[in-house]
Amino acid sequence: MGSTRVCGTRDRVSLTGPAARRIAAVTMGLAVVAGIMASGIRSSMSAAAAERGKVVVSDEARRIHSQTYVFDGHNDLPWTMRTEAGSSFDKADIAGPVPKFHTDLPRLRQGGVGAVYWSVYVPADTRQSLLTTIEQIELVRAMVARYPNDFALALNADDVEAARKAGKIASLIGVEGGHCIEDSLENLRRLHRLGARYMTLTHSDTLAWADAATDEAKHGGLTAFGEEVVREMNRLGMLVDLSHVSPETMRDALRVTTAPVIFSHSSARSVADHPRNVPDDILKLTAANGGVVMVNFFSGFIHPESAKRRANMFQVNRELRAKHPGEAAFKAAKLRWEAENPIQAGSVHDVVDHIEHIIRVAGIDHVGIGSDYDGIGKTPEQLEDVSTFPKITQELLNRGYNADQIHKVMSGNALRVLRKAGK
């Protein structure tokens, strides 16, 4: 997830010491200054984006995009539905426009989305995290049932292709964060029986059996039980997702797994130095494994300067949670911290920089799309929601990639990995 959760949000943030005193002392004058500063940042951001120009989608790009479909590795609409609409499609009917979300059916169709892993995320500190995750799975199933002309539940690659032939959006379920199995392989099996087809080994917090990228490392990667989890996922045909985990956990999982892995929503660390991104040596290991890295769109992960500013956001999030246990107070404190620590949005060019870097290091067969829409609080310019994917096709075309290569990035690689690892 992204910045609503700062994630990939679920990536949230915190206020300490002098910052807290400054907030307490806030006045109208300070607000005006903040507004001027924010305006200046927006202006410089727009100027930086303008240097490479706006991407204008051509007829050729539309044709190439229409000949394939987007297979998005990570969309957080279920959690947004839970928190913003009480899990009610009456309150937020995605059959029509829902402007406060990144995702609704008209924009999914406009963007050429043909398959999505809907994230069934719950925060790592959730009590009864397994039960809450099951509720999220039920929400995805309810969505598919509510809009049967548009969605079809998919459990494997054949289901994805059948949904596409029927003109529907293949809906897969991805579990974000191994905390929800509550240290039980039987719980992992239960989630698989309910339809989950990948699991991100950790979210932002280190577990009893796996180190996270954005928390204290306690195990040097995977423990013996963590290796058992990977082997059991291989046996079940459940994709091992290495977004959010530490580099040591990535290496251990790649050593143990007998199936291709995915990074459902991660970008390239050499382009933007954030711990949520993937180092080059692991990009090479992923290529050898046959896996795919699906590029995240969160501004704090893809824009180089913004990645530096958000490098500690998960720790800040933990501090804010500790200081402000109530949800309303936490959200207010987080908003204040973000106002004090603004980031640049970046643009579609930055996202394609990550895609292209992964192509150079790992190869054209090992990169995909993992937008993290509805899990991120700031999106790149020209990639504001799920309708905008054709702009990536256009920019890849601008950089000399052909239709076959673009089709691999958009969906071919993700489908191949699902077919090889799934059952």
# chains A, B, ... in the order shown; residues from 1 in each chain; ligands from 1
>>> residues_around(residues="stretch 293-306 of chain A", least_positions_apart="5", cutoff="7 Å", atoms="only C-alpha atoms", output="PDB file with N, CA and C atoms, in the first residue's frame")
ATOM      1  N   GLY A   2       0.294   2.423  -0.190  1.00  0.00           N
ATOM      2  CA  GLY A   2       1.080   3.610  -0.405  1.00  0.00           C
ATOM      3  C   GLY A   2       0.992   4.617   0.673  1.00  0.00           C
ATOM      4  N   GLY A   8       3.082   2.009  -0.230  1.00  0.00           N
ATOM      5  CA  GLY A   8       2.728   1.725  -0.251  1.00  0.00           C
ATOM      6  C   GLY A   8       2.420   1.815   0.713  1.00  0.00           C
ATOM      7  N   GLY A  73      -0.378  -5.722 -10.512  1.00  0.00           N
ATOM      8  CA  GLY A  73       0.012  -6.605  -9.424  1.00  0.00           C
ATOM      9  C   GLY A  73      -0.472  -6.203  -8.055  1.00  0.00           C
ATOM     10  N   ILE A 262       7.344 -12.990  -7.283  1.00  0.00           N
ATOM     11  CA  ILE A 262       6.976 -11.661  -7.755  1.00  0.00           C
ATOM     12  C   ILE A 262       7.370 -10.636  -6.700  1.00  0.00           C
ATOM     13  N   PHE A 263       7.565  -9.417  -7.150  1.00  0.00           N
ATOM     14  CA  PHE A 263       7.529  -8.234  -6.309  1.00  0.00           C
ATOM     15  C   PHE A 263       6.269  -7.508  -6.775  1.00  0.00           C
ATOM     16  N   SER A 264       5.196  -7.580  -6.007  1.00  0.00           N
ATOM     17  CA  SER A 264       3.893  -7.132  -6.511  1.00  0.00           C
ATOM     18  C   SER A 264       3.793  -5.618  -6.641  1.00  0.00           C
ATOM     19  N   HIS A 265       4.611  -4.874  -5.890  1.00  0.00           N
ATOM     20  CA  HIS A 265       4.569  -3.403  -5.980  1.00  0.00           C
ATOM     21  C   HIS A 265       5.853  -2.813  -5.414  1.00  0.00           C
ATOM     22  N   SER A 266       6.930  -2.955  -6.196  1.00  0.00           N
ATOM     23  CA  SER A 266       8.247  -2.438  -5.813  1.00  0.00           C
ATOM     24  C   SER A 266       8.927  -1.849  -7.036  1.00  0.00           C
ATOM     25  N   SER A 267       9.851  -0.929  -6.786  1.00  0.00           N
ATOM     26  CA  SER A 267      10.558  -0.274  -7.884  1.00  0.00           C
ATOM     27  C   SER A 267      12.058  -0.513  -7.746  1.00  0.00           C
ATOM     28  N   VAL A 271      17.503   3.608  -8.981  1.00  0.00           N
ATOM     29  CA  VAL A 271      16.877   4.826  -9.515  1.00  0.00           C
ATOM     30  C   VAL A 271      16.407   5.722  -8.388  1.00  0.00           C
ATOM     31  N   ALA A 272      15.805   5.164  -7.362  1.00  0.00           N
ATOM     32  CA  ALA A 272      15.327   5.924  -6.199  1.00  0.00           C
ATOM     33  C   ALA A 272      15.682   5.122  -4.957  1.00  0.00           C
ATOM     34  N   ASP A 273      16.548   5.673  -4.122  1.00  0.00           N
ATOM     35  CA  ASP A 273      17.146   4.913  -3.023  1.00  0.00           C
ATOM     36  C   ASP A 273      16.221   4.888  -1.812  1.00  0.00           C
ATOM     37  N   HIS A 274      15.248   4.017  -1.874  1.00  0.00           N
ATOM     38  CA  HIS A 274      14.333   3.799  -0.753  1.00  0.00           C
ATOM     39  C   HIS A 274      14.391   2.320  -0.385  1.00  0.00           C
ATOM     40  N   ILE A 343       6.872  16.204  -0.375  1.00  0.00           N
ATOM     41  CA  ILE A 343       7.644  15.515  -1.405  1.00  0.00           C
ATOM     42  C   ILE A 343       7.146  15.926  -2.779  1.00  0.00           C
ATOM     43  N   GLN A 344       8.005  15.723  -3.766  1.00  0.00           N
ATOM     44  CA  GLN A 344       7.625  15.971  -5.144  1.00  0.00           C
ATOM     45  C   GLN A 344       6.892  14.759  -5.705  1.00  0.00           C
ATOM     46  N   ALA A 345       5.936  15.007  -6.553  1.00  0.00           N
ATOM     47  CA  ALA A 345       5.134  13.912  -7.103  1.00  0.00           C
ATOM     48  C   ALA A 345       5.893  13.078  -8.120  1.00  0.00           C
ATOM     49  N   GLY A 346       6.817  13.711  -8.849  1.00  0.00           N
ATOM     50  CA  GLY A 346       7.386  13.013  -9.986  1.00  0.00           C
ATOM     51  C   GLY A 346       6.375  12.929 -11.117  1.00  0.00           C
ATOM     52  N   ASP A 350       9.257   9.287 -14.484  1.00  0.00           N
ATOM     53  CA  ASP A 350       9.973   8.625 -13.394  1.00  0.00           C
ATOM     54  C   ASP A 350       9.587   7.152 -13.302  1.00  0.00           C
ATOM     55  N   VAL A 351       8.305   6.858 -13.441  1.00  0.00           N
ATOM     56  CA  VAL A 351       7.866   5.459 -13.394  1.00  0.00           C
ATOM     57  C   VAL A 351       8.505   4.661 -14.518  1.00  0.00           C
ATOM     58  N   ILE A 355      10.927   1.210 -14.826  1.00  0.00           N
ATOM     59  CA  ILE A 355      10.666   0.089 -15.728  1.00  0.00           C
ATOM     60  C   ILE A 355      11.888  -0.163 -16.608  1.00  0.00           C
ATOM     61  N   HIS A 366      11.105  -9.564 -17.166  1.00  0.00           N
ATOM     62  CA  HIS A 366      11.073  -9.602 -15.698  1.00  0.00           C
ATOM     63  C   HIS A 366      10.591  -8.297 -15.078  1.00  0.00           C
ATOM     64  N   VAL A 367       9.743  -7.581 -15.783  1.00  0.00           N
ATOM     65  CA  VAL A 367       9.192  -6.330 -15.259  1.00  0.00           C
ATOM     66  C   VAL A 367       7.712  -6.259 -15.591  1.00  0.00           C
ATOM     67  N   GLY A 368       6.956  -5.643 -14.685  1.00  0.00           N
ATOM     68  CA  GLY A 368       5.523  -5.483 -14.884  1.00  0.00           C
ATOM     69  C   GLY A 368       5.022  -4.247 -14.162  1.00  0.00           C
ATOM     70  N   ILE A 369       3.718  -4.194 -13.948  1.00  0.00           N
ATOM     71  CA  ILE A 369       3.043  -3.044 -13.352  1.00  0.00           C
ATOM     72  C   ILE A 369       2.432  -3.455 -12.017  1.00  0.00           C
ATOM     73  N   GLY A 370       2.739  -2.708 -10.953  1.00  0.00           N
ATOM     74  CA  GLY A 370       2.145  -2.934  -9.629  1.00  0.00           C
ATOM     75  C   GLY A 370       1.801  -1.601  -9.006  1.00  0.00           C
ATOM     76  N   SER A 371       0.757  -0.959  -9.486  1.00  0.00           N
ATOM     77  CA  SER A 371       0.515   0.467  -9.268  1.00  0.00           C
ATOM     78  C   SER A 371       0.417   0.873  -7.805  1.00  0.00           C
ATOM     79  N   ASP A 372      -0.221   0.049  -6.990  1.00  0.00           N
ATOM     80  CA  ASP A 372      -0.519   0.401  -5.594  1.00  0.00           C
ATOM     81  C   ASP A 372      -1.603   1.474  -5.501  1.00  0.00           C
ATOM     82  N   ILE A 376      -1.883   4.543  -2.016  1.00  0.00           N
ATOM     83  CA  ILE A 376      -0.856   5.577  -1.995  1.00  0.00           C
ATOM     84  C   ILE A 376      -1.498   6.958  -1.905  1.00  0.00           C
ATOM     85  N   LYS A 378       0.125   9.938  -2.718  1.00  0.00           N
ATOM     86  CA  LYS A 378       0.569  10.855  -3.766  1.00  0.00           C
ATOM     87  C   LYS A 378       0.947  10.054  -4.991  1.00  0.00           C
ATOM     88  N   THR A 379       0.412  10.466  -6.130  1.00  0.00           N
ATOM     89  CA  THR A 379       0.672   9.779  -7.393  1.00  0.00           C
ATOM     90  C   THR A 379       1.504  10.671  -8.305  1.00  0.00           C
ATOM     91  N   PRO A 380       2.221  10.072  -9.247  1.00  0.00           N
ATOM     92  CA  PRO A 380       2.992  10.869 -10.204  1.00  0.00           C
ATOM     93  C   PRO A 380       2.079  11.661 -11.136  1.00  0.00           C
TER      94      PRO A 380
END
>>> select_by_dssp(residues="stretch 181-230 of chain A", states="alpha helix (DSSP H)", output="list in words")
Leu185, Glu186, Asn187, Leu188, Arg189, Arg190, Leu191, His192, Arg193, Ala224, Phe225, Gly226, Glu227, Glu228, Val229 and Val230 of chain A
>>> residues_around(residues="A:Ala253", least_positions_apart="6", cutoff="8 Å", atoms="only C-alpha atoms", output="number ranges by chain")
A: 222, 227, 230
>>> write_last_selection(atoms="N, CA and C atoms", output="PDB file, in the first residue's frame")
ATOM      1  N   LEU A 222      15.198 -14.953   6.479  1.00  0.00           N
ATOM      2  CA  LEU A 222      14.152 -15.894   6.884  1.00  0.00           C
ATOM      3  C   LEU A 222      14.661 -16.823   7.975  1.00  0.00           C
ATOM      4  N   GLU A 227      11.389 -20.297   5.898  1.00  0.00           N
ATOM      5  CA  GLU A 227      11.677 -21.139   4.742  1.00  0.00           C
ATOM      6  C   GLU A 227      10.555 -22.157   4.522  1.00  0.00           C
ATOM      7  N   VAL A 230       7.762 -20.484   2.602  1.00  0.00           N
ATOM      8  CA  VAL A 230       8.043 -20.400   1.167  1.00  0.00           C
ATOM      9  C   VAL A 230       7.801 -21.751   0.492  1.00  0.00           C
TER      10      VAL A 230
END
>>> select_by_dssp(residues="stretch 106-187 of chain A", states="strand (DSSP E or B)", output="list in words")
Val113, Gly114, Ala115, Val116, Tyr117, Trp118, Ser119, Phe151, Ala152, Leu153, Ile169, Ala170, Ser171, Leu172, Ile173, Gly174, Val175 and Glu176 of chain A
>>> residues_around(residues="stretch 208-212 of chain A", least_positions_apart="5", cutoff="10 Å", atoms="only C-alpha atoms", output="mmCIF file with C-alpha atoms, in the first residue's frame")
data_model
loop_
_atom_site.group_PDB
_atom_site.id
_atom_site.type_symbol
_atom_site.label_atom_id
_atom_site.label_comp_id
_atom_site.auth_asym_id
_atom_site.auth_seq_id
_atom_site.Cartn_x
_atom_site.Cartn_y
_atom_site.Cartn_z
ATOM 1 C CA GLY A 177 1.690 -9.216 4.896
ATOM 2 C CA GLY A 178 2.455 -12.629 6.380
ATOM 3 C CA HIS A 179 1.450 -11.397 9.836
ATOM 4 C CA GLU A 182 -0.417 -15.777 12.735
ATOM 5 C CA ASP A 183 2.621 -18.079 12.494
ATOM 6 C CA LEU A 201 5.909 -12.305 3.214
ATOM 7 C CA THR A 202 5.951 -9.200 5.431
ATOM 8 C CA HIS A 203 4.472 -5.763 5.428
ATOM 9 C CA ALA A 217 16.334 -6.893 11.119
ATOM 10 C CA LYS A 218 16.198 -9.668 13.706
ATOM 11 C CA HIS A 219 16.861 -12.864 11.766
ATOM 12 C CA GLY A 220 19.247 -12.066 8.926
ATOM 13 C CA GLY A 221 16.434 -12.876 6.484
ATOM 14 C CA LEU A 222 14.152 -15.894 6.884
ATOM 15 C CA THR A 223 14.103 -18.226 9.870
ATOM 16 C CA ALA A 224 13.660 -21.976 9.424
ATOM 17 C CA PHE A 225 9.898 -21.461 9.740
ATOM 18 C CA GLY A 226 10.068 -18.702 7.140
ATOM 19 C CA GLU A 227 11.677 -21.139 4.742
ATOM 20 C CA GLU A 228 8.839 -23.585 5.483
ATOM 21 C CA VAL A 229 6.350 -20.865 4.548
ATOM 22 C CA LEU A 242 8.908 -10.158 -1.958
ATOM 23 C CA SER A 243 7.721 -6.558 -1.837
ATOM 24 C CA HIS A 244 8.258 -5.055 1.634
ATOM 25 C CA VAL A 245 10.869 -7.598 2.754
ATOM 26 C CA SER A 246 14.540 -6.942 3.538
ATOM 27 C CA PRO A 247 17.235 -7.723 0.956
ATOM 28 C CA GLU A 248 18.366 -10.659 3.133
ATOM 29 C CA THR A 249 14.821 -12.042 3.148
ATOM 30 C CA MET A 250 14.678 -11.578 -0.623
ATOM 31 C CA ASP A 252 16.776 -16.332 1.301
ATOM 32 C CA ALA A 253 13.412 -16.673 -0.429
ATOM 33 C CA PRO A 275 14.421 0.558 1.300
ATOM 34 C CA ARG A 276 11.118 -0.490 -0.319
#
>>> closest_residue(among="A:Asp104, A:Asp365, A:Asp280, A:Glu176", to="A:Gln136", atoms="only C-alpha atoms")
A:Glu176
>>> atom_distance(atom1="atom CA of A:Val122", atom2="atom CA of A:Asn149")
28.2 Å
>>> residues_around(residues="A:Gly167", least_positions_apart="5", cutoff="9 Å", atoms="only C-alpha atoms", output="PyMOL selection string")
chain A and resi 114+149-151+162
>>> write_last_selection(atoms="C-alpha atoms", output="PDB file, in the first residue's frame")
ATOM      1  CA  GLY A 114      -7.818  -6.643 -17.730  1.00  0.00           C
ATOM      2  CA  ASN A 149     -20.722  -8.209 -16.039  1.00  0.00           C
ATOM      3  CA  ASP A 150     -17.397  -6.564 -15.291  1.00  0.00           C
ATOM      4  CA  PHE A 151     -15.461  -8.823 -12.899  1.00  0.00           C
ATOM      5  CA  ALA A 162     -11.229 -16.962 -19.769  1.00  0.00           C
TER       6      ALA A 162
END
>>> residues_around(residues="A:Trp79", least_positions_apart="5", cutoff="10 Å", atoms="only C-alpha atoms", output="count of residues only")
16
>>> atom_distance(atom1="atom CA of A:Val256", atom2="atom CA of A:Leu285")
12.3 Å
